[in-house]
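**Q** Dropping in model23.pdb, which is PDB, C-alpha atoms and all ligand atoms:
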```pdb
ATOM      1  CA  MET A   1      51.801  54.635  10.793  1.00  0.00           C
ATOM      2  CA  ARG A   2      50.487  54.378   7.265  1.00  0.00           C
ATOM      3  CA  PRO A   3      50.221  57.448   5.050  1.00  0.00           C
ATOM      4  CA  SER A   4      46.424  57.586   4.832  1.00  0.00           C
ATOM      5  CA  GLN A   5      46.132  57.148   8.582  1.00  0.00           C
ATOM      6  CA  LEU A   6      48.529  60.037   9.035  1.00  0.00           C
ATOM      7  CA  SER A   7      46.523  62.249   6.709  1.00  0.00           C
ATOM      8  CA  LEU A   8      43.270  61.396   8.505  1.00  0.00           C
ATOM      9  CA  ARG A   9      44.783  62.130  11.884  1.00  0.00           C
ATOM     10  CA  GLY A  10      46.223  65.390  10.657  1.00  0.00           C
ATOM     11  CA  ALA A  11      42.878  66.581   9.376  1.00  0.00           C
ATOM     12  CA  VAL A  12      40.983  66.031  12.611  1.00  0.00           C
ATOM     13  CA  ARG A  13      40.020  69.214  14.346  1.00  0.00           C
ATOM     14  CA  SER A  14      39.116  69.429  17.988  1.00  0.00           C
ATOM     15  CA  PRO A  15      35.430  68.730  18.485  1.00  0.00           C
ATOM     16  CA  LYS A  16      33.525  71.976  18.867  1.00  0.00           C
ATOM     17  CA  ALA A  17      31.053  72.438  21.662  1.00  0.00           C
ATOM     18  CA  VAL A  18      28.177  72.563  19.190  1.00  0.00           C
ATOM     19  CA  HIS A  19      25.572  69.992  20.027  1.00  0.00           C
ATOM     20  CA  THR A  20      22.413  69.767  18.054  1.00  0.00           C
ATOM     21  CA  ARG A  21      19.418  67.730  18.994  1.00  0.00           C
ATOM     22  CA  THR A  22      18.292  66.123  15.774  1.00  0.00           C
ATOM     23  CA  PHE A  23      15.151  64.532  17.076  1.00  0.00           C
ATOM     24  CA  CYS A  24      13.406  63.648  20.239  1.00  0.00           C
ATOM     25  CA  VAL A  25      10.761  60.965  20.246  1.00  0.00           C
ATOM     26  CA  GLU A  26       8.310  60.974  23.091  1.00  0.00           C
ATOM     27  CA  ARG A  27       6.053  57.960  23.211  1.00  0.00           C
ATOM     28  CA  SER A  28       2.384  58.685  22.766  1.00  0.00           C
ATOM     29  CA  SER A  29      -0.718  56.906  21.592  1.00  0.00           C
ATOM     30  CA  GLY A  30      -0.365  58.531  18.186  1.00  0.00           C
ATOM     31  CA  GLN A  31      -3.592  60.428  18.705  1.00  0.00           C
ATOM     32  CA  ALA A  32      -3.086  63.990  19.815  1.00  0.00           C
ATOM     33  CA  ASP A  33      -6.529  64.348  21.333  1.00  0.00           C
ATOM     34  CA  SER A  34      -7.296  65.654  24.782  1.00  0.00           C
ATOM     35  CA  SER A  35      -7.799  62.183  26.269  1.00  0.00           C
ATOM     36  CA  SER A  36      -4.329  60.989  25.206  1.00  0.00           C
ATOM     37  CA  ALA A  37      -2.811  64.237  26.491  1.00  0.00           C
ATOM     38  CA  ALA A  38      -4.550  63.652  29.806  1.00  0.00           C
ATOM     39  CA  THR A  39      -3.297  60.058  29.888  1.00  0.00           C
ATOM     40  CA  SER A  40       0.232  61.264  29.181  1.00  0.00           C
ATOM     41  CA  LYS A  41      -0.036  63.838  31.974  1.00  0.00           C
ATOM     42  CA  ILE A  42      -1.181  61.183  34.426  1.00  0.00           C
ATOM     43  CA  ALA A  43       1.715  58.937  33.327  1.00  0.00           C
ATOM     44  CA  ASP A  44       4.194  61.770  33.904  1.00  0.00           C
ATOM     45  CA  GLU A  45       2.731  62.486  37.339  1.00  0.00           C
ATOM     46  CA  GLU A  46       2.856  58.783  38.231  1.00  0.00           C
ATOM     47  CA  SER A  47       6.483  58.702  37.132  1.00  0.00           C
ATOM     48  CA  GLU A  48       7.204  61.784  39.246  1.00  0.00           C
ATOM     49  CA  LYS A  49       5.732  60.100  42.308  1.00  0.00           C
ATOM     50  CA  GLY A  50       7.658  56.897  41.694  1.00  0.00           C
ATOM     51  CA  VAL A  51       4.446  54.949  41.068  1.00  0.00           C
ATOM     52  CA  VAL A  52       5.776  53.763  37.722  1.00  0.00           C
ATOM     53  CA  GLY A  53       9.272  53.621  36.342  1.00  0.00           C
ATOM     54  CA  ARG A  54      10.625  55.362  33.293  1.00  0.00           C
ATOM     55  CA  ILE A  55      13.402  54.861  30.737  1.00  0.00           C
ATOM     56  CA  ASP A  56      14.928  57.792  28.820  1.00  0.00           C
ATOM     57  CA  ILE A  57      17.650  57.199  26.229  1.00  0.00           C
ATOM     58  CA  ILE A  58      20.275  59.581  24.856  1.00  0.00           C
ATOM     59  CA  VAL A  59      22.086  58.302  21.753  1.00  0.00           C
ATOM     60  CA  GLY A  60      24.349  59.703  19.063  1.00  0.00           C
ATOM     61  CA  PRO A  61      27.893  59.412  17.742  1.00  0.00           C
ATOM     62  CA  MET A  62      31.020  60.162  19.728  1.00  0.00           C
ATOM     63  CA  PHE A  63      31.610  63.820  20.672  1.00  0.00           C
ATOM     64  CA  ALA A  64      27.896  64.647  20.377  1.00  0.00           C
ATOM     65  CA  GLY A  65      27.484  65.729  23.994  1.00  0.00           C
ATOM     66  CA  LYS A  66      25.740  62.588  25.292  1.00  0.00           C
ATOM     67  CA  THR A  67      27.538  62.578  28.650  1.00  0.00           C
ATOM     68  CA  SER A  68      26.970  66.329  29.066  1.00  0.00           C
ATOM     69  CA  GLU A  69      23.242  65.785  28.481  1.00  0.00           C
ATOM     70  CA  LEU A  70      23.230  62.828  30.901  1.00  0.00           C
ATOM     71  CA  LEU A  71      24.890  64.928  33.619  1.00  0.00           C
ATOM     72  CA  ARG A  72      22.463  67.802  32.939  1.00  0.00           C
ATOM     73  CA  ARG A  73      19.559  65.439  33.584  1.00  0.00           C
ATOM     74  CA  VAL A  74      21.263  64.086  36.709  1.00  0.00           C
ATOM     75  CA  GLU A  75      21.423  67.645  38.032  1.00  0.00           C
ATOM     76  CA  GLN A  76      17.719  68.092  37.273  1.00  0.00           C
ATOM     77  CA  HIS A  77      16.802  64.944  39.192  1.00  0.00           C
ATOM     78  CA  GLU A  78      19.012  65.911  42.116  1.00  0.00           C
ATOM     79  CA  ALA A  79      17.511  69.393  42.156  1.00  0.00           C
ATOM     80  CA  ALA A  80      14.106  67.704  42.436  1.00  0.00           C
ATOM     81  CA  GLY A  81      15.324  65.851  45.514  1.00  0.00           C
ATOM     82  CA  ARG A  82      15.816  62.422  43.942  1.00  0.00           C
ATOM     83  CA  LYS A  83      18.781  60.264  44.847  1.00  0.00           C
ATOM     84  CA  VAL A  84      20.723  59.414  41.698  1.00  0.00           C
ATOM     85  CA  ALA A  85      23.221  56.602  41.124  1.00  0.00           C
ATOM     86  CA  VAL A  86      25.552  57.447  38.242  1.00  0.00           C
ATOM     87  CA  VAL A  87      26.934  54.314  36.613  1.00  0.00           C
ATOM     88  CA  LYS A  88      29.479  53.534  33.945  1.00  0.00           C
ATOM     89  CA  SER A  89      31.204  50.454  32.609  1.00  0.00           C
ATOM     90  CA  SER A  90      34.542  49.636  34.181  1.00  0.00           C
ATOM     91  CA  VAL A  91      35.780  49.133  30.599  1.00  0.00           C
ATOM     92  CA  ASP A  92      35.782  52.889  30.133  1.00  0.00           C
ATOM     93  CA  THR A  93      38.562  54.361  32.229  1.00  0.00           C
ATOM     94  CA  ARG A  94      39.663  57.032  29.750  1.00  0.00           C
ATOM     95  CA  TYR A  95      39.333  59.945  32.135  1.00  0.00           C
ATOM     96  CA  HIS A  96      38.748  58.620  35.607  1.00  0.00           C
ATOM     97  CA  ALA A  97      37.986  55.203  37.114  1.00  0.00           C
ATOM     98  CA  THR A  98      35.208  56.364  39.430  1.00  0.00           C
ATOM     99  CA  ARG A  99      33.869  59.519  37.765  1.00  0.00           C
ATOM    100  CA  VAL A 100      31.780  60.113  34.672  1.00  0.00           C
ATOM    101  CA  VAL A 101      33.507  62.936  32.801  1.00  0.00           C
ATOM    102  CA  SER A 102      32.086  64.816  29.820  1.00  0.00           C
ATOM    103  CA  HIS A 103      34.144  66.308  27.005  1.00  0.00           C
ATOM    104  CA  ASP A 104      33.222  69.790  28.236  1.00  0.00           C
ATOM    105  CA  GLY A 105      34.834  69.079  31.601  1.00  0.00           C
ATOM    106  CA  LYS A 106      31.868  68.318  33.867  1.00  0.00           C
ATOM    107  CA  SER A 107      32.109  65.273  36.061  1.00  0.00           C
ATOM    108  CA  LYS A 108      30.241  63.257  38.649  1.00  0.00           C
ATOM    109  CA  VAL A 109      31.275  60.500  41.040  1.00  0.00           C
ATOM    110  CA  CYS A 110      29.983  57.173  39.778  1.00  0.00           C
ATOM    111  CA  PHE A 111      29.868  53.444  40.258  1.00  0.00           C
ATOM    112  CA  ALA A 112      31.994  51.483  37.805  1.00  0.00           C
ATOM    113  CA  ALA A 113      30.956  47.906  37.029  1.00  0.00           C
ATOM    114  CA  SER A 114      31.633  45.320  34.361  1.00  0.00           C
ATOM    115  CA  ASN A 115      27.920  44.528  34.212  1.00  0.00           C
ATOM    116  CA  LEU A 116      24.759  45.763  35.892  1.00  0.00           C
ATOM    117  CA  ARG A 117      23.980  42.555  37.769  1.00  0.00           C
ATOM    118  CA  GLU A 118      27.325  42.982  39.503  1.00  0.00           C
ATOM    119  CA  LEU A 119      26.375  46.553  40.380  1.00  0.00           C
ATOM    120  CA  ARG A 120      23.020  45.411  41.740  1.00  0.00           C
ATOM    121  CA  ASN A 121      24.761  42.830  43.934  1.00  0.00           C
ATOM    122  CA  GLN A 122      27.351  45.344  45.109  1.00  0.00           C
ATOM    123  CA  LEU A 123      24.668  47.804  46.140  1.00  0.00           C
ATOM    124  CA  GLY A 124      22.606  45.282  48.090  1.00  0.00           C
ATOM    125  CA  ASP A 125      19.827  47.046  50.008  1.00  0.00           C
ATOM    126  CA  GLU A 126      21.330  50.418  49.056  1.00  0.00           C
ATOM    127  CA  TYR A 127      19.814  49.796  45.599  1.00  0.00           C
ATOM    128  CA  HIS A 128      16.387  50.665  46.986  1.00  0.00           C
ATOM    129  CA  GLU A 129      17.595  54.074  48.210  1.00  0.00           C
ATOM    130  CA  TYR A 130      18.153  55.269  44.655  1.00  0.00           C
ATOM    131  CA  SER A 131      15.171  56.407  42.609  1.00  0.00           C
ATOM    132  CA  VAL A 132      17.225  57.286  39.504  1.00  0.00           C
ATOM    133  CA  PHE A 133      19.980  55.389  37.696  1.00  0.00           C
ATOM    134  CA  ALA A 134      22.003  57.368  35.139  1.00  0.00           C
ATOM    135  CA  ILE A 135      24.049  55.014  32.963  1.00  0.00           C
ATOM    136  CA  ASP A 136      26.842  56.319  30.727  1.00  0.00           C
ATOM    137  CA  GLU A 137      28.611  54.517  27.843  1.00  0.00           C
ATOM    138  CA  ALA A 138      25.814  51.966  28.032  1.00  0.00           C
ATOM    139  CA  GLN A 139      27.009  50.080  24.940  1.00  0.00           C
ATOM    140  CA  PHE A 140      29.663  48.421  27.084  1.00  0.00           C
ATOM    141  CA  LEU A 141      27.188  46.915  29.563  1.00  0.00           C
ATOM    142  CA  PRO A 142      26.114  43.430  28.413  1.00  0.00           C
ATOM    143  CA  ASP A 143      22.958  43.117  30.545  1.00  0.00           C
ATOM    144  CA  LEU A 144      21.540  46.595  29.893  1.00  0.00           C
ATOM    145  CA  LEU A 145      18.121  45.395  28.696  1.00  0.00           C
ATOM    146  CA  GLU A 146      17.526  43.073  31.643  1.00  0.00           C
ATOM    147  CA  PHE A 147      18.559  45.703  34.207  1.00  0.00           C
ATOM    148  CA  CYS A 148      16.527  48.536  32.657  1.00  0.00           C
ATOM    149  CA  THR A 149      13.318  46.568  32.256  1.00  0.00           C
ATOM    150  CA  THR A 150      13.453  45.134  35.777  1.00  0.00           C
ATOM    151  CA  ALA A 151      14.423  48.452  37.349  1.00  0.00           C
ATOM    152  CA  ALA A 152      11.719  50.421  35.521  1.00  0.00           C
ATOM    153  CA  ASP A 153       8.923  47.828  35.319  1.00  0.00           C
ATOM    154  CA  VAL A 154       9.267  46.103  38.683  1.00  0.00           C
ATOM    155  CA  ASP A 155      11.288  48.412  40.921  1.00  0.00           C
ATOM    156  CA  ARG A 156       9.803  51.662  39.534  1.00  0.00           C
ATOM    157  CA  LYS A 157      13.162  53.329  38.967  1.00  0.00           C
ATOM    158  CA  HIS A 158      13.758  56.186  36.569  1.00  0.00           C
ATOM    159  CA  ILE A 159      16.560  55.153  34.199  1.00  0.00           C
ATOM    160  CA  VAL A 160      18.518  57.573  32.016  1.00  0.00           C
ATOM    161  CA  VAL A 161      20.818  55.858  29.534  1.00  0.00           C
ATOM    162  CA  ALA A 162      23.489  57.469  27.348  1.00  0.00           C
ATOM    163  CA  GLY A 163      25.361  55.483  24.738  1.00  0.00           C
ATOM    164  CA  LEU A 164      26.358  54.927  21.150  1.00  0.00           C
ATOM    165  CA  ASP A 165      23.495  53.764  18.940  1.00  0.00           C
ATOM    166  CA  GLY A 166      26.002  52.452  16.396  1.00  0.00           C
ATOM    167  CA  ASP A 167      29.663  51.490  16.278  1.00  0.00           C
ATOM    168  CA  PHE A 168      32.291  52.751  13.817  1.00  0.00           C
ATOM    169  CA  LYS A 169      30.721  50.478  11.188  1.00  0.00           C
ATOM    170  CA  ARG A 170      27.287  51.979  11.999  1.00  0.00           C
ATOM    171  CA  GLN A 171      26.164  48.603  13.323  1.00  0.00           C
ATOM    172  CA  ARG A 172      24.398  47.944  16.623  1.00  0.00           C
ATOM    173  CA  PHE A 173      26.603  48.298  19.672  1.00  0.00           C
ATOM    174  CA  GLY A 174      25.765  46.320  22.813  1.00  0.00           C
ATOM    175  CA  GLN A 175      22.112  46.495  23.863  1.00  0.00           C
ATOM    176  CA  VAL A 176      21.466  50.224  23.408  1.00  0.00           C
ATOM    177  CA  LEU A 177      19.083  49.674  20.492  1.00  0.00           C
ATOM    178  CA  ASP A 178      17.353  46.834  22.346  1.00  0.00           C
ATOM    179  CA  ILE A 179      16.046  49.206  25.024  1.00  0.00           C
ATOM    180  CA  VAL A 180      14.457  51.590  22.507  1.00  0.00           C
ATOM    181  CA  SER A 181      11.369  49.358  22.407  1.00  0.00           C
ATOM    182  CA  VAL A 182      10.937  49.583  26.186  1.00  0.00           C
ATOM    183  CA  ALA A 183      11.802  53.289  26.553  1.00  0.00           C
ATOM    184  CA  ASP A 184       9.639  56.337  27.236  1.00  0.00           C
ATOM    185  CA  SER A 185      11.816  58.708  25.197  1.00  0.00           C
ATOM    186  CA  VAL A 186      14.739  58.615  22.789  1.00  0.00           C
ATOM    187  CA  THR A 187      16.894  61.681  22.177  1.00  0.00           C
ATOM    188  CA  LYS A 188      19.387  61.532  19.328  1.00  0.00           C
ATOM    189  CA  LEU A 189      22.194  64.080  19.482  1.00  0.00           C
ATOM    190  CA  ALA A 190      24.528  65.130  16.681  1.00  0.00           C
ATOM    191  CA  GLY A 191      27.978  66.634  16.933  1.00  0.00           C
ATOM    192  CA  LYS A 192      29.846  68.702  14.372  1.00  0.00           C
ATOM    193  CA  CYS A 193      31.699  67.033  11.537  1.00  0.00           C
ATOM    194  CA  ALA A 194      35.477  67.140  12.012  1.00  0.00           C
ATOM    195  CA  TYR A 195      35.949  67.862   8.289  1.00  0.00           C
ATOM    196  CA  CYS A 196      33.136  70.284   7.378  1.00  0.00           C
ATOM    197  CA  ASP A 197      30.351  72.340   8.945  1.00  0.00           C
ATOM    198  CA  LYS A 198      27.637  69.721   8.687  1.00  0.00           C
ATOM    199  CA  GLN A 199      26.173  67.754  11.575  1.00  0.00           C
ATOM    200  CA  ALA A 200      28.155  64.709  12.654  1.00  0.00           C
ATOM    201  CA  LEU A 201      25.931  61.635  12.662  1.00  0.00           C
ATOM    202  CA  PHE A 202      28.509  58.860  12.835  1.00  0.00           C
ATOM    203  CA  SER A 203      31.767  57.901  14.574  1.00  0.00           C
ATOM    204  CA  LEU A 204      34.642  57.405  12.111  1.00  0.00           C
ATOM    205  CA  ARG A 205      37.477  55.293  13.426  1.00  0.00           C
ATOM    206  CA  ILE A 206      40.787  56.857  12.445  1.00  0.00           C
ATOM    207  CA  ALA A 207      42.934  54.226  14.178  1.00  0.00           C
ATOM    208  CA  ALA A 208      43.838  51.090  12.210  1.00  0.00           C
ATOM    209  CA  ASP A 209      41.986  48.640  14.447  1.00  0.00           C
ATOM    210  CA  GLU A 210      38.898  46.537  13.693  1.00  0.00           C
ATOM    211  CA  ARG A 211      37.822  45.634  17.241  1.00  0.00           C
ATOM    212  CA  GLN A 212      34.329  46.924  18.035  1.00  0.00           C
ATOM    213  CA  ALA A 213      34.957  47.845  21.669  1.00  0.00           C
ATOM    214  CA  LEU A 214      38.108  49.889  21.159  1.00  0.00           C
ATOM    215  CA  VAL A 215      37.910  52.559  23.839  1.00  0.00           C
ATOM    216  CA  GLY A 216      39.392  55.858  22.787  1.00  0.00           C
ATOM    217  CA  GLY A 217      38.973  59.566  22.243  1.00  0.00           C
ATOM    218  CA  ALA A 218      40.024  61.963  19.509  1.00  0.00           C
ATOM    219  CA  ASP A 219      43.121  59.848  18.891  1.00  0.00           C
ATOM    220  CA  LYS A 220      40.993  56.982  17.626  1.00  0.00           C
ATOM    221  CA  TYR A 221      37.672  58.474  16.491  1.00  0.00           C
ATOM    222  CA  ALA A 222      36.318  61.524  14.697  1.00  0.00           C
ATOM    223  CA  PRO A 223      32.687  62.652  14.468  1.00  0.00           C
ATOM    224  CA  VAL A 224      31.658  62.861  10.820  1.00  0.00           C
ATOM    225  CA  CYS A 225      28.738  63.742   8.553  1.00  0.00           C
ATOM    226  CA  ARG A 226      27.329  61.186   6.127  1.00  0.00           C
ATOM    227  CA  HIS A 227      29.473  62.396   3.209  1.00  0.00           C
ATOM    228  CA  HIS A 228      32.721  62.254   5.144  1.00  0.00           C
ATOM    229  CA  TYR A 229      31.829  58.959   6.779  1.00  0.00           C
ATOM    230  CA  VAL A 230      31.413  57.326   3.369  1.00  0.00           C
ATOM    231  CA  SER A 231      34.388  58.939   1.649  1.00  0.00           C
ATOM    232  CA  LEU A 232      36.884  58.628   4.514  1.00  0.00           C
ATOM    233  CA  ASN A 233      35.759  55.191   5.625  1.00  0.00           C
ATOM    234  CA  ASN A 234      36.468  53.930   2.121  1.00  0.00           C
ATOM    235  CA  VAL A 235      40.009  55.310   2.358  1.00  0.00           C
ATOM    236  CA  ARG A 236      40.471  53.745   5.765  1.00  0.00           C
ATOM    237  CA  THR A 237      39.097  50.338   4.743  1.00  0.00           C
ATOM    238  CA  LEU A 238      41.351  50.198   1.669  1.00  0.00           C
ATOM    239  CA  ASP A 239      44.303  50.922   3.904  1.00  0.00           C
ATOM    240  CA  LEU A 240      43.658  47.998   6.288  1.00  0.00           C
TER     241      LEU A 240
HETATM  242 ZN    ZN B 301      31.560  66.449   6.861  1.00  0.00          ZN
END
```
Represent the structure from my file as structure tokens, please.
**A**
Amino acid sequence: MRPSQLSLRGAVRSPKAVHTRTFCVERSSGQADSSSAATSKIADEESEKGVVGRIDIIVGPMFAGKTSELLRRVEQHEAAGRKVAVVKSSVDTRYHATRVVSHDGKSKVCFAASNLRELRNQLGDEYHEYSVFAIDEAQFLPDLLEFCTTAADVDRKHIVVAGLDGDFKRQRFGQVLDIVSVADSVTKLAGKCAYCDKQALFSLRIAADERQALVGGADKYAPVCRHHYVSLNNVRTLDL
């Protein structure tokens, strides 16, 4: 272990359970008149009845509470009587192979698949029994865009997606950003910086590894604010 890596690791505090919603974009016509409000209401009611599908996205850095928010929405759908399929990539087996587990300890039984076409094939006719698909760690699923658009547009499913909007270099990760243009809502969560009291916007990799899809927890990543992302990432990059 190199000295700077050691110092970074030593400075990481446990992520606090402080999750702040930084923004929530709900699609609208851009005109807040009564007719657009009425149209939006009709769209919501149609979505409720399963007449049209819907895509809701939860993004943010690591340790921002994305999985907790996903599971909260799953509970809401289940409370409304909808059958929900919880899905995660089989790449992510950090906590449990067949459960989605949040950092605050909640969990839900899930399907694990290497891609969503495989999941669709595995489910067969059972696919039609589910009205909601809740997808966690969506950045690891290579056919996310194709599945979401078909499920929402054609099959009238309600899709809730949680994933990283950027990797440790703040660059696009998988197809999470690709589904923003076909989504009904985008919620961006922030965590708490591991080095100060500001909001954490980015995931800083503290392990000396350049692979994009390096699965890990607090041993490999720390949530950081903009200042600490820039200053500590420079230290880390110089060390590689
Ligand atoms: Zn900071």
**Q** Between atom CA of A:Val176 and atom CA of A:Ser89, what is the distance, to one decimal in Å?
**A** 13.4 Å
**Q** Taking all atoms listed in the file into account, list the residues no farther than 7 Å from ligand ZN 301 (chain B), as JSON, numbers by chain.
**A** {"A": [193, 194, 195, 196, 197, 198, 200, 224, 225, 226, 227, 228]}
**Q** Pick out the residues sitting within 12 Å of stretch 76-87 of chain A, and hand them over as an NGL selection string; count all atoms listed in the file, and ignore anything fewer than 2 positions along from it in its own chain.
**A** :A and (48-50 or 67 or 69-74 or 89-92 or 97-101 or 107-116 or 118-120 or 123 or 126-138 or 140-141 or 144 or 157-162)
**Q** How many Å separate atom CA of A:Lys188 from atom CA of A:Ser102?
**A**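 Computing it gives 16.8 Å between the two atoms.
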**Q** Could you name the residues that touch A:Thr149 at 12 Å or less, counting all atoms listed in the file, but leaving out those on the same chain fewer than 2 positions away, as JSON, numbers by chain?
**A** {"A": [52, 53, 54, 55, 56, 143, 144, 145, 146, 147, 151, 152, 153, 154, 155, 156, 157, 158, 159, 178, 179, 180, 181, 182, 183, 184]}
**Q** Report, in Å to a single decimal, how far apart atom CA of A:Leu177 and atom CA of A:Pro61 are.
**A**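 Distance between the two atoms: 13.4 Å.
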**Q** Can you turn the PyMOL selection byres (((chain A and resi 206) around 6) and not hetatm) into a concrete residue list for this file, as a list of chain:residue names?
**A**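 With the shown file as input, the PyMOL selection byres (((chain A and resi 206) around 6) and not hetatm) matches A:Arg205, A:Ala207, A:Lys220, A:Tyr221.
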**Q** Which residues fall under the PyMOL selection byres (((chain A and resi 64) around 6) and not hetatm) in this file, as JSON, numbers by chain?
**A** {"A": [19, 61, 62, 63, 65, 66, 189, 190, 191]}
**Q** Just checking: using all atoms listed in the file, which residue out of A:Arg117, A:Lys192, A:Ile57, A:Lys106 ends up closest to A:Glu75?
**A**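 The shortest atom-to-atom distance to A:Glu75 comes from A:Lys106.
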**Q** Which one of A:Val230, A:Val215, A:Leu164, A:Leu204 sits closest to A:Gln139 if you count all atoms listed in the file?
**A**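 Looking only at the distances to A:Gln139, the closest residue turns out to be A:Leu164.
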**Q** When distances are computed from all atoms listed in the file, which of A:Arg211, A:Gly163, A:Gln122, A:Ser203 shows the smallest separation from A:Leu232?
**A** A:Ser203
